[in-house]
Structure formats: structure tokens, C-alpha cells
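Peer 1: The structure's right below; bear with me while I get my questions together.
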Amino acid sequence: MMNQQWKSQGINLPIGSVVTGKWHNHSYLIRKKLGSGACGTVYLADQGNQQVAIKFSQNGSSITTEVNVLRTFQKVQGKRLGPSLLDVDDWVQPNGSQISFYAMEYLKGKELSTFIQKHGHEWLGILMVQLLKDLGDLHEAGWVFGDLKTENLIVTFPPARLRWIDVGGTTQIGRAIKEYTEFYDRGYWGLGSRKAEPTYDLFALAMVMIHVYYPKRFEKGKDPEKTLMRHLQQASSLKPYATAIQKALYGKYRSSKEMEQDITNQLMNVSNNRLKDQQSSRTHSRTQRKQQKKTVQKRNNSSPSQAKYLWEGAGIIVVVCMFYIVYVILQWI
Amino acid sequence: MNKGTLKQILLITDGCSNKGEDPAAVATLALQQGITVNVIGVLENEQSEQPEGLEEVEEIAMSGGGYSQVVYAKSLSQTVQMVTRQAMTQTLQGVVNQELQQILGQDQKIEELPPEKRGEVMEVVEDLGETCDLEVLVLVDTSASMHNKLPTVQDALFDLSLSLNARTGNNRFSIYSFPGKRGKDVSKVMDWTPQLESISSVFPKLTSGGITPTGPALREAMNQFAPKKRNLRSFLSRDESTMEESGD
């Protein structure tokens with residue numbers, strides 16, 4: 001029986017059908033298919049005047065697990081962390097079989113990469129800082145997002161706010177990651193275990209940043225680490241974040257706060273770059289400025305002067321040798 | 001303290017059996033012994049349609065109480081770990097269901113509870129999935145047609161060990177291949193081990209010829225587990241020690 005469930009997970013509801021819950025009797029009018037994944041299918045539906053997103057799955061246990069996570073989010077942080085949960089129920093289909101579903105807040109927005117293409121690259125860092133803040137809260141509450149990927153992120157606008165839409169992979173810290181996608185999984189790249197730790201999410205977040213510039217993804221090849229670093233270096237738009245991304249990929253950040261700080265600093269630097277010279281002359285005292293000038297001059301001189309010394313030395317040696325040869329020849333004669 | 005051990009056979013094949021007893025019958029027997037049988041059918045990357053013979057894949061898994069999936073070699077890694085995890089959850093859910101029926105009466109299954117109550121039951125199932133011990137015997141078809149796919153199979157198994165070893169519970173894996181050497185139905189590739197990291201180049205030279213003794217190989221695999229000593233409900237009784245020695 002379970003086998004059939006596994007196979008027929010693609011649920012196809014006709015647009016316009018009405019779904020009524022067996023336990024709570026709420027009715028939903030199906031409007032549109034929003035997407036489907038390994039664990040179910042999400043539809044846009046109307047409940048009275050309200051638009052909601054409903055996730056259906058014939059695998060009742062995965063619905064239950066996700067509902068558990070959404071409930072925890074609500075207890076911990078209000079609704080900011082995920083879409084808010086509205087209803088959980090079963091639907092008895094006309095043919096008698098039963099599907100579990102839950103209704104949640106419908107978040108209308110753009111996929112992350114679409115948003116960045118439309119609104120500009122400068123948004124990447126800003127949205128990542130938002131995501132890092134949310135992840136920080138989640139980690140503090142004892143959870144790891146797990147299946148963090150571009151498809152699970154949506155940007156609502158305006159004001160721009162990054163939200164996550166699929167919480168199915170959320171796992172308690174210290175356990176084994178429940179769900180993952182190879183491209184975003186550090187285990188796949190040979191850069192760590194599949195234990196639910198904050199560093200696991202930060203790796204995936206770095207991959208989200210990379211994925212924005214490699215929408216087709218890429219495979220690990222013979223030397224996964226090298227492949228990854230090569231792609232990172234080749235994406236010029238990622239240059240400002242390359243150090244942060246690299247640290248995240250190698251699990252060097254102990255918390256999302258640290259990474260958030262690095263990216264924030266980078267963002268501030270970029271926007272302040274033009275003012276930098278003026279600012280520094282204003283803030284430093286004269287002597288400091290003089291010292292700076294001196295060191296700058298020295299640095300500037302250092303390489304040509306070294307060459308000069310080399311030429312001088314060579315000249316002297318040549319001249320001395322010539323004199324010596326002349327002396328030897330004179331002796332012979 | 002040992003909570004009990006889940007036992008699984010993972011059969012990886014690309015064709016139908018043609019020698020010996022019916023593999024579905026052996027899978028049924030294995031299930032009766034408390035061993036779940038999962039089956040993965042591997043397609044050639046260019047193959048667009050499901051070739052004949054792979055219907056058997058589903059049949060064996062259904063008989064063995066496990067999951068089946070037919071996939072391209074490329075997506076083998078994720079499928080292997082997903083099938084294993086799903087089967088674990090399913091088995092544990094079955095255990096919890098039995099327990100519920102004991103307490104609440106015949107018709108009480110998880111699905112029959114109101115959605116609010118299910119959450120707590122699922123938490124128990126998840127706890128068990130994280131902490132229980134697991135034994136997986138991987139049975140790999142190494143007949144000639146599998147030739148190109150074996151490196152991918154190795155990757156997938158290494159990946160499986162990575163996934164499962166992130167759990168709190170202990171794992172033991174072993175690998176067998178069929179058809180075996182010198183006309184035998186099955187050969188041992190690797191004895192029970194907690195990690196599959198050393199599997200590079202463990203697969204024996206490929207056996208040519210058209211013999212695929214899936215049924216007999218499955219029977220042999222089943223015998224590698226220790227005989228069933230107690231029923232699966234031992235998962236829930238935390239005080240009893242349920243050590244099950246399987247002769248290495």
C-alpha cells in the first residue's frame with residue numbers, strides 16, 4: 001500500500017474543484033497549481049475572500065511533520081520565520097481515498113534570482129543579511145533549516161523581504177538532516193557531514209548565492225572542491241562576497257551572526273568607497289597623514305629602486321671583471 | 001541501552017531475474033522475518049522508456065514491505081537514501097500503529113487520529129528514526145549490463161553511509177553481489193561494517209553471461225541477518241536490552 005503512495009505522489013486536482021476538510025469542515029476552492037515536489041503538491045485556493053496556499057500529500061506523515069515544524073516556528077518567533085499555518089485536515093476524495101493537507105498563508109512574490117535580475121545585484125547582499133538574521137533566530141531556537149535552496153525562497157516586494165516557503169527539511173540541531181538537495185548539500189561536495197548544525201545552513205546559503213549566478217547549477221566533477229572554488233572565482237558579481245562565501249563553504253563561521261557581520265561590512269564598504277579618501281583625510285591627524293604619505297611613497301618607490309640597485313651591482317661587477325681580464329692579458333704579454 | 005535494530009535489504013538491479021525461486025516470494029518471507037526489502041531499478045541514462053523486466057522491482061518491494069523506485073543512474077544517490085529513510089519511517093510507523101491498536105483498539109491508526117494528535121505520534125516516530133540502530137544489507141546486481149553503472153552505485157552507497165551516519169543511532173552495512181563467483185548465486189563483497197568509506201574498488205570483476213539469480217541471492221542475503229528473536233515492538237520498551245548478535 002505504501003508503495004502505491006510513493007508512486008502516485010503527483011496529485012492532480014482540477015481547477016475549480018472544492019476541497020472540504022473532514023475534521024474542521026473548512027472549504028477551499030482550488031485556483032491554481034503553484035508547484036510540486038517530492039513530498040507533495042501546493043495549490044493556490046480561495047477560502048471565502050482569503051487567498052491561501054494548500055499543500056496536499058498522500059504521505060500523511062510528511063504533512064504531519066511539516067505542520068509540527070510550522071507550529072514550532074509560531075511558538076518561537078511569531079510568523080516571521082515561515083508562512084503562518086491556517087488549517088490542518090484530511091480530504092476524502094470522491095473516490096474514497098484520503099489525502100492530508102494543510103493550509104498556510106499565501107506569500108506572493110518573486111523567486112530570488114528573478115528578483116535580483118530585475119532589481120539589481122546590490123540586492124543580493126541585502127537579502128542575504130535578512131536571511132542570515134532569520135537563520136540566526138532559527139538556530140537559536142534549536143533548529144536547522146536543512147533544505148535551504150533558491151526554490152524555497154521568495155521575495156515579497158515592496159518592501160523587499162526574503163521569506164522561506166517550504167519548511168519540510170527543518171531538523172532539530174544534532175540530528176541527521178531530513179531533506180536536502182544535492183547542489184546545496186555539503187555532503188555532496190565532500191565538505192562536511194549531514195548532521196544538522198548551523199554550519200550546514202550557512203553552506204547552503206553560500207550555495208544559494210552562487211546559484212544566483214549559475215542558474216543551471218553545475219556538477220561536482222572529479223575534484224568537487226576545486227570545481228566549486230573555480231566557479232566561485234569566475235563569477236565576477238560575487239567578488240565582493242567571495243571571502244564570506246568561501247568561509248561559509250569551509251564551515252569557518254561559528255554562527256550566522258558572524259557571516260551576517262562580514263556581509264554587512266562588505267555592503268557598507270561598497271557604498272562608502274567613493275567617500276573613503278575624503279573621510280580618511282578628515283579623520284586622521286596631520287602627522288598620521290604624513291606618515292601615511294611616507295609609507296605610500298616608500299611603497300611606491302620600493303620596486304623601481306630595487307631594480308636600480310640590481311643594475312648598479314651588475315655594472316660594477318662587469319667593470320671589475322673587465323679590469324681583471326685586461327690585467328690578466330697584460331700579465332701574459 | 002539498545003532500542004532494537006531495523007533490518008533492511010536494499011536490492012539494486014537493472015533487469016529481471018531468470019534463475020531460481022521467485023524473488024517476490026523470498027521478499028515475503030524476509031518481511032515475515034522482520035526484514036524490509038527495498039528495491040531500486042537502475043535505468044541507462046539514455047533509456048527513455050521503462051524496459052521490460054523492471055515491473056518485478058515494484059513487485060519485490062511490495063512483497064518485502066518496502067519501497068521501490070526506478071531511476072536513472074545519475075539520481076541514484078538521492079534515491080538510495082530517500083528510499084532507505086522512507087522505509088525506516090514506514091516500519092517505525094507500523095510499530096507505533098501496532099502499539100496504538102493495543103492501547104486504543106483495533107481501528108486506531110495514525111491516520112485515524114485527528115490531525116492535532118498526529119503531531120505527537122509523528123514526533124515519537126521521528127525520535128525512533130533518529131536513534132534506532134539500523135542494519136542495511138546492500139545486494140547489487142553485477143551482471144554484465146550493470147557494468148557502466150557500478151561506479152555510480154559505489155558513489156550512492158558511500159553517500160548513503162554519509163546520510164545514515166549523521167544519525168544518533170548506530171549503523172551496520174554489508175554488501176553482497178550477484179551472480180557470484182564460480183557459479184555461485186551470490187558473493188560477499190564486504191562484511192558488516194559501520195562505515196562504507198572503504199568501498200572504492202570493492203566490486204568484483206563482472207560476471208558475464210545472462211544469469212540473474214535474484215531470488216536465490218535474496219534468500220542468501222536474508223540469511224545474513226540474525227534470526228528474529230522478538231517482535232518489533234521492542235522498539236518501544238526502552239528498558240529491555242534487545243541486543244541482537246548477528247554472526248559476523
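Simple scheme: letters A, B, ... for chains in C-alpha cells order, numbers from 1 for residues in each chain, numbers from 1 for ligands in the order shown.
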Contacts from chain A to chain B, 8 Å maximum, only C-alpha atoms: show me the residue list as a PDB file with C-alpha atoms, in the first residue's frame.

Peer 2:
ATOM      1  CA  MET A   1       0.000   0.000   0.000  1.00  0.00           C
ATOM      2  CA  MET A   2       2.775   2.371   0.877  1.00  0.00           C
ATOM      3  CA  ASN A   3       4.279   1.588  -2.462  1.00  0.00           C
ATOM      4  CA  TRP A   6       5.132   6.531  -3.146  1.00  0.00           C
ATOM      5  CA  TRP A  23     -12.352  17.298  10.645  1.00  0.00           C
ATOM      6  CA  GLY A  60       0.247  11.878   5.657  1.00  0.00           C
ATOM      7  CA  SER A  61       3.340  11.589   7.828  1.00  0.00           C
ATOM      8  CA  THR A  64       2.227  15.978   9.979  1.00  0.00           C
ATOM      9  CA  THR A  65       5.961  16.570  10.268  1.00  0.00           C
ATOM     10  CA  VAL A  67       2.843  21.027  10.467  1.00  0.00           C
ATOM     11  CA  ASN A  68       4.846  20.253  13.589  1.00  0.00           C
ATOM     12  CA  VAL A  88      -4.656  21.082   9.019  1.00  0.00           C
ATOM     13  CA  ASP A  89      -7.080  18.485   7.788  1.00  0.00           C
ATOM     14  CA  ASP A  90      -7.819  15.423   5.658  1.00  0.00           C
ATOM     15  CA  ARG A 175      20.067  15.139  14.300  1.00  0.00           C
ATOM     16  CA  ALA A 176      20.519  13.892  10.767  1.00  0.00           C
ATOM     17  CA  ILE A 177      19.366  16.319   8.050  1.00  0.00           C
ATOM     18  CA  GLU A 182      22.448  17.742  -3.730  1.00  0.00           C
ATOM     19  CA  GLY A 187      27.972  16.176   1.954  1.00  0.00           C
ATOM     20  CA  TYR A 188      27.595  16.033  -1.828  1.00  0.00           C
ATOM     21  CA  SER A 193      28.626  15.724   7.272  1.00  0.00           C
ATOM     22  CA  ARG A 194      24.853  15.678   7.059  1.00  0.00           C
ATOM     23  CA  LYS A 195      24.419  16.475  10.722  1.00  0.00           C
TER      24      LYS A 195
END

Peer 1: Out of segment 94-210 of chain A, which residues get helix (DSSP H, G or I) from DSSP, as an MDAnalysis selection string?

Peer 2: chainID A and resid 112:119 122:140 150:152 182:184 198:210

Peer 1: Contacts of Thr170 of chain A at 7 Å or less, counting only C-alpha atoms, minus same-chain residues fewer than 3 places along, as a list in words?

Peer 2: Val69, Trp143, Val144, Phe145, Gly146 and Val167 of chain A

Peer 1: Skipping near chain neighbours, those fewer than 2 positions away, what residues fall within 9 Å of Val153 of chain B using only C-alpha atoms, listed as number ranges by chain?

Peer 2: B: 12, 73, 76-77, 140, 149-151, 155-158

Peer 1: With only C-alpha atoms as the counted atoms, please give the residues lying no more than 12 Å from Tyr214 of chain A, apart from itself and same-chain residues fewer than 4 positions off, as a ChimeraX atom specification.

Peer 2: /A:113,150,183,207-210,218-219,228,231-232,234-238

Peer 1: From the list B:Lys19, B:His147, B:Lys188, B:Lys74, which residue is nearest Gln224 of chain B when using only C-alpha atoms?

Peer 2: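 Of the candidates, the smallest distance to Gln224 of chain B is held by B:Lys188.
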
Peer 1: In Å to one decimal, how far is atom CA of Thr214 of chain B from atom CA of Ser187 of chain B?

Peer 2: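 For atom CA of Ser187 of chain B relative to atom CA of Thr214 of chain B, the distance reads 12.5 Å.
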
Peer 1: Considering only C-alpha atoms, can you say which of B:Ile103, B:Cys16, B:Ile211, B:Val70 comes closest to Lys184 of chain B?

Peer 2: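 The closest residue to Lys184 of chain B is B:Ile211.
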
Peer 1: Just the residues within 10 Å of Ser177 of chain B, please, counting only C-alpha atoms, with nothing from its chain fewer than 3 positions along; format it as an MDAnalysis selection string.

Peer 2: chainID B and resid 11:12 138:143 180:181 185:190 203:204 206 217 221

Peer 1: Print the selection's residues with all heavy atoms to a file, as a compact mmCIF listing (two decimals), in the first residue's frame.

Peer 2:
# COMPACT_ATOMS: atom_id res chain seq x y z
N LEU B 11 18.06 -3.85 -2.59
CA LEU B 11 18.41 -4.55 -3.83
C LEU B 11 18.55 -3.54 -4.96
O LEU B 11 17.64 -2.76 -5.22
CB LEU B 11 17.31 -5.56 -4.14
CG LEU B 11 17.35 -6.30 -5.47
CD1 LEU B 11 18.59 -7.16 -5.59
CD2 LEU B 11 16.11 -7.17 -5.63
N ILE B 12 19.70 -3.54 -5.61
CA ILE B 12 19.93 -2.63 -6.74
C ILE B 12 20.13 -3.46 -7.99
O ILE B 12 21.07 -4.27 -8.06
CB ILE B 12 21.15 -1.73 -6.49
CG1 ILE B 12 20.94 -0.91 -5.21
CG2 ILE B 12 21.39 -0.80 -7.68
CD1 ILE B 12 22.12 -0.05 -4.84
N VAL B 138 23.23 -4.46 1.39
CA VAL B 138 23.06 -4.00 0.02
C VAL B 138 23.37 -5.15 -0.93
O VAL B 138 24.44 -5.76 -0.84
CB VAL B 138 24.01 -2.82 -0.29
CG1 VAL B 138 23.71 -2.25 -1.66
CG2 VAL B 138 23.89 -1.75 0.77
N LEU B 139 22.42 -5.45 -1.78
CA LEU B 139 22.58 -6.57 -2.70
C LEU B 139 22.62 -6.00 -4.12
O LEU B 139 21.62 -5.48 -4.61
CB LEU B 139 21.39 -7.52 -2.53
CG LEU B 139 21.41 -8.84 -3.27
CD1 LEU B 139 22.62 -9.66 -2.92
CD2 LEU B 139 20.14 -9.62 -2.96
N VAL B 140 23.79 -6.08 -4.74
CA VAL B 140 23.98 -5.40 -6.02
C VAL B 140 24.06 -6.40 -7.17
O VAL B 140 24.83 -7.36 -7.12
CB VAL B 140 25.27 -4.56 -6.01
CG1 VAL B 140 25.37 -3.75 -7.30
CG2 VAL B 140 25.28 -3.63 -4.82
N ASP B 141 23.27 -6.15 -8.17
CA ASP B 141 23.31 -6.92 -9.40
C ASP B 141 24.58 -6.52 -10.16
O ASP B 141 24.73 -5.37 -10.56
CB ASP B 141 22.05 -6.55 -10.20
CG ASP B 141 21.96 -7.26 -11.54
OD1 ASP B 141 22.96 -7.86 -11.96
OD2 ASP B 141 20.88 -7.18 -12.16
N THR B 142 25.50 -7.47 -10.36
CA THR B 142 26.72 -7.12 -11.08
C THR B 142 26.80 -7.88 -12.41
O THR B 142 27.88 -8.17 -12.90
CB THR B 142 27.99 -7.42 -10.26
OG1 THR B 142 27.92 -8.78 -9.82
CG2 THR B 142 28.10 -6.51 -9.08
N SER B 143 25.64 -8.18 -12.96
CA SER B 143 25.66 -8.83 -14.26
C SER B 143 26.16 -7.83 -15.31
O SER B 143 26.20 -6.63 -15.05
CB SER B 143 24.27 -9.34 -14.62
OG SER B 143 23.34 -8.29 -14.62
N GLY B 180 27.24 -14.69 -8.21
CA GLY B 180 28.51 -14.81 -7.52
C GLY B 180 29.60 -15.45 -8.38
O GLY B 180 29.38 -15.80 -9.52
N LYS B 181 30.74 -15.56 -7.75
CA LYS B 181 31.87 -16.17 -8.47
C LYS B 181 31.68 -17.68 -8.58
O LYS B 181 31.02 -18.29 -7.75
CB LYS B 181 33.17 -15.88 -7.70
CG LYS B 181 33.71 -14.48 -7.96
CD LYS B 181 34.96 -14.25 -7.13
CE LYS B 181 34.72 -13.11 -6.16
NZ LYS B 181 35.65 -13.04 -5.07
N ASP B 185 25.46 -18.31 -6.50
CA ASP B 185 24.42 -17.33 -6.72
C ASP B 185 24.82 -15.94 -6.23
O ASP B 185 24.40 -14.94 -6.77
CB ASP B 185 23.13 -17.75 -6.01
CG ASP B 185 22.50 -18.95 -6.70
OD1 ASP B 185 22.62 -19.03 -7.93
OD2 ASP B 185 21.91 -19.80 -6.00
N VAL B 186 25.64 -15.92 -5.19
CA VAL B 186 25.94 -14.64 -4.56
C VAL B 186 27.34 -14.65 -3.95
O VAL B 186 27.82 -15.70 -3.54
CB VAL B 186 24.84 -14.32 -3.50
CG1 VAL B 186 24.92 -15.27 -2.33
CG2 VAL B 186 24.89 -12.88 -3.03
N SER B 187 28.01 -13.49 -3.94
CA SER B 187 29.31 -13.40 -3.26
C SER B 187 29.29 -12.25 -2.27
O SER B 187 28.66 -11.22 -2.52
CB SER B 187 30.46 -13.08 -4.22
OG SER B 187 30.40 -13.81 -5.36
N LYS B 188 30.07 -12.44 -1.22
CA LYS B 188 30.18 -11.37 -0.24
C LYS B 188 31.21 -10.37 -0.73
O LYS B 188 32.33 -10.72 -1.12
CB LYS B 188 30.64 -11.95 1.10
CG LYS B 188 30.64 -10.90 2.20
CD LYS B 188 31.52 -11.30 3.37
CE LYS B 188 30.85 -12.38 4.23
NZ LYS B 188 31.72 -12.79 5.35
N VAL B 189 30.85 -9.11 -0.76
CA VAL B 189 31.78 -8.08 -1.18
C VAL B 189 32.39 -7.40 0.04
O VAL B 189 33.58 -7.12 0.09
CB VAL B 189 31.07 -7.02 -2.05
CG1 VAL B 189 32.01 -5.89 -2.40
CG2 VAL B 189 30.48 -7.65 -3.30
N MET B 190 31.55 -7.17 1.03
CA MET B 190 32.05 -6.52 2.24
C MET B 190 31.24 -7.00 3.44
O MET B 190 30.02 -7.02 3.40
CB MET B 190 31.92 -5.02 2.08
CG MET B 190 32.43 -4.26 3.27
SD MET B 190 32.43 -2.51 2.96
CE MET B 190 34.07 -2.32 2.33
N PHE B 203 34.01 -3.84 -5.79
CA PHE B 203 33.20 -4.74 -6.60
C PHE B 203 34.07 -5.70 -7.39
O PHE B 203 35.07 -5.32 -7.96
CB PHE B 203 32.28 -3.95 -7.53
CG PHE B 203 31.11 -3.38 -6.81
CD1 PHE B 203 30.99 -2.02 -6.66
CD2 PHE B 203 30.16 -4.21 -6.25
CE1 PHE B 203 29.91 -1.49 -5.97
CE2 PHE B 203 29.08 -3.69 -5.57
CZ PHE B 203 28.97 -2.32 -5.43
N PRO B 204 33.66 -6.94 -7.40
CA PRO B 204 34.45 -7.97 -8.08
C PRO B 204 34.36 -7.78 -9.59
O PRO B 204 33.55 -7.00 -10.08
CB PRO B 204 33.76 -9.25 -7.68
CG PRO B 204 32.34 -8.87 -7.43
CD PRO B 204 32.40 -7.47 -6.89
N LEU B 206 33.24 -8.28 -13.19
CA LEU B 206 31.87 -8.54 -13.61
C LEU B 206 31.70 -9.95 -14.13
O LEU B 206 32.57 -10.48 -14.80
CB LEU B 206 31.47 -7.54 -14.69
CG LEU B 206 31.40 -6.14 -14.13
CD1 LEU B 206 31.51 -5.12 -15.22
CD2 LEU B 206 30.12 -5.97 -13.36
N ALA B 217 19.66 -15.14 -4.56
CA ALA B 217 20.56 -14.16 -3.94
C ALA B 217 19.87 -13.48 -2.75
O ALA B 217 20.47 -13.26 -1.70
CB ALA B 217 20.97 -13.10 -4.97
N ALA B 221 20.93 -13.39 1.14
CA ALA B 221 21.06 -12.11 1.85
C ALA B 221 20.26 -12.15 3.15
O ALA B 221 20.73 -11.71 4.21
CB ALA B 221 20.56 -10.98 0.97

Peer 1: Can you list, as a VMD selection string, every residue of segment 6-246 of chain B that DSSP puts in strand (DSSP E or B)?

Peer 2: chain B and resid 6 to 13 35 to 43 65 to 72 133 to 141 143 171 to 178 187 to 193 207

Peer 1: Give me, please, the distance in Å between atom CA of Ile40 of chain B and atom CA of Gln58 of chain A, quoted to one decimal.

Peer 2: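 Those two atoms sit 21.2 Å apart.
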
Peer 1: For Gly251 of chain A, list every protein, DNA or RNA residue within 7 Å, evaluated using only C-alpha atoms, and leave out those in the same chain fewer than 4 positions away; present the list as a CSV table (one decimal) with N, CA and C atoms, in the first residue's frame.

Peer 2:
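Contents of part.csv, as written:
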chain,number,residue,atom,x,y,z
A,199,THR,N,26.3,25.4,10.7
A,199,THR,CA,27.2,25.5,9.6
A,199,THR,C,26.6,24.8,8.3
A,203,PHE,N,26.5,26.8,4.7
A,203,PHE,CA,27.0,26.2,3.5
A,203,PHE,C,25.9,26.4,2.4
A,247,LYS,N,34.4,31.2,3.3
A,247,LYS,CA,34.4,30.9,4.7
A,247,LYS,C,33.2,30.0,5.1

Peer 1: For atom CA of Ile63 of chain A and atom CA of Tyr102 of chain A, determine how far apart the two atoms are, in Å to one decimal place.

Peer 2: 7.2 Å
